[in-house]
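Take a look at the structure set out below.
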Amino acid sequence: MKKLHIIRIMALLIASLFIAETVKAQEVVSKSEYVNGQTLWGLYNQRTNKWILKPQFESGGNYYTHFPIGYYQGVAYFGFCKNKLFAIYDSNGKQITEHEFTWVYQYPIIDLGFIVVQKTTSAGRGFGILSISPLMEVLPCLYKDISYFNNFGTRELTLSFWRGGIKKIEDRDLIEIRDKLIKEKEENDKKTSQAKIAAEKRAKKEKELASFTTYAKNFVEPKINEWQLKGEFEKLADYRNRVTGPNRSAMIDSLTRVAESNFIKENADLHPEMATMILGKYDSENEVFAISSAKFGTLLIDVPIDKAPSFKQNFSSLERKQPTFVINSDTLMLASMIFADKFSSNEYHYSNKKVLSYKQYEIDPDNFEFNVVNVSTNAPTVSSTTTNATTYKKPVVKIISPSTGSNYTTEDVIIRYQVTTSDGSKAMLRIWVNGEEVDIANQTAKGISKNYEEVQLKLPTSAGKACNIMLSAIDNNGTPSENKTIRLLYTGAVQKPDLYLFAVGVSDYASESLTKLSYASKDAQDFISAIKNSDLSMYKGVKAELINDANAKKAFVEKQLANLTNKVSQDDVVMLFFSGHGVRDGEDAYFMTIDSDGNEPYTGVDFNLIRKNLVKLKDKKCRVIIFMDACHSGVLYGGKGARKEITFAEHDIIGFYSSTASQESTEMKDVENGVFTRAVIDALKGKAVNSEKQVTTNSLQTFISNEVIAKTKGAQNPIVENKIGDIILFKTK
């Protein structure tokens, strides 16, 4: 009895909560206003006397849609019309469907989460039934009519077909149909997810197998890391005798040979005997056929001229057998294979004549001085019977100047090179600087003489830091050359970067939906003033842009933000500051500008757009610091569905955000600034310096976090995003 009593109490509590939610939903009504010569409808909260959706909908000729369609799980649903088509909205103002229905109806099945709708189909205007949660067509809009009646407590729907005849279903039938559709969707989603995971695994494996360097690195590195750790029961003297340079090199060589064998075995499923191959024209002078393959490139095979006609005629039926593989130019290549003609019993042997070599790669184990590993192979040259090999040789790249190990003193460096192709045609050149490919179209390139060319590159000017430059060429047949690399060292004067300040502050919002702020506009101005009054001797110049109140319109802010990304140069420092309202809309958030409407968040600047511009600045090799004093500014810190993780997680972007994704940011009357902004300004003015009187990212982080948490008594928690480490920003005067 006691257990039954508890169950009854719980049932009453649940019922009371449902009734409370329903009462709350009933506070929301559709309401009309006379706007620009016509009556428009919107969604209005009678308790707060505020519009949820401003009047923007037509009457649609449907009197009943001015009232809720009904209530489901404490939420009211409305049908509103635009351009003579209805959509369904809930009492929170969320649009549930597109404007695609010609009619929506107040049927009692709303209490089960179903709505009867009408939509234009190929057969005419048809009736159907829509499920709200989850949103799906339970019955498609293909029926001529739907009617219902209550048969002693059991509601029964009658579906009329266009060609005559009817079908009757009950409430439970609808629920069964919905449950079946949900189950089918879950199963399809599961299959799709499994297929996606399988495809990603295949793609990952293919990517790993595409490069022996990557494969060998992943195989060798963990084993070397484990080998060079000191054993628990190993004496220090024994450890030092074991872990030496020669022993380490021998271990790497041994493991590389194993990696080579495994790499070839794991790639054996390439099946050259099954791959699509296309026979090219016969070279009668050299008695050679060229066979092209997407996987294995161009194969040259020696075929005597008297057997060439039958080889060509029977090519599609030739049996391919005994394939062998080698590693060449960092990838797996076909070394040899036999093409057998079963009609004539003739066999034709393909063999790849190339010098085999591995590229170098780096292994960087923790806490050990050995960090460069050279991987090479002494694999023998594979003999070839091809008589026309010179025609299909790889292009050759030679760097004439500067020589590797040279110094440079300015960012503009001329690289002089020579590219030779087997047929004398001009090859396409590709250049990488520190692993990133250079856009040749944006570089100055010109001929020096008949055989040499040069290209002018802009290289990093960090003192004492080496720069790796790699050249490669691709001929007209798509054959790449071996990569050629030089290593240069900058020894010139340290170039001071420019400092760019970009500050936006909005206080005097035009929309009634956004509360006017007292100090946001002043925040932006004070931020720039605090920096300008610092010791800026480490910068070449300061370029500041202040956008506040009247100028802070959405289009202008977005335009100037884009302009900023175009102005900056490599190694410049960019500091961005935003102060104003932040509004969330589901997974998204927006910084509200002077012309934004709080009821329509998309009228503000999308945080995702700000994020994209930060990434562009980072990609231009700038140092980027952003300060965001706005409600929900932590949304910028995390991506959709991943708010607990740092989105950028990469160098050159540092973020200071006034609050988490779910918190409000507050202002202080006594100092006439936002709490967060005031902490930033005080820090910049000298309250957050290290022992050398420098303002650094670490000193800022400590001071700002402590100040904001103390001033708000923990109600506001700043977020700091820093994957670089402690960086000096400026000195104080």
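Residue numbering restarts at 1 for every chain of the structure tokens, chains are lettered A, B, ... in their displayed order, and ligands are numbered from 1 as they appear.
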
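Counting only C-alpha atoms, A:Leu684 has the following residues at most 8 Å away, ignoring those fewer than 4 positions along the same chain: Ala530, Ile531, Ser534, Val680, Ala688, Val695, Leu700 and Thr732 of chain A.
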
Study note, to complete from the structure: atom CA of A:Pro309 to atom CA of A:Lys281 measures 11.2 Å

Point to revise | Residue list (helix (DSSP H, G or I), DSSP) for stretch 389-570 of chain A, as JSON, numbers by chain | key: {"A": [389, 390, 391, 392, 440, 441, 442, 520, 521, 522, 523, 524, 525, 526, 527, 528, 529, 530, 531, 532, 549, 550, 551, 554, 555, 556, 557, 558, 559, 560, 561, 562, 563, 564, 565, 566, 567]}

Study note, to complete from the structure: For A:Val288, the closest of A:Gly79, A:Thr324, A:Thr213, A:Tyr348 counting only C-alpha atoms is A:Tyr348

Review point. So how many Å separate atom CA of A:Arg155 and atom CA of A:Arg172, to one decimal?
Key: 9.3 Å

Exercise for review: Can you work out the spacing between atom CA of A:Asn286 and atom CA of A:Val326 in Å, to one decimal?
Suggested key: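 It comes out at 25.7 Å.
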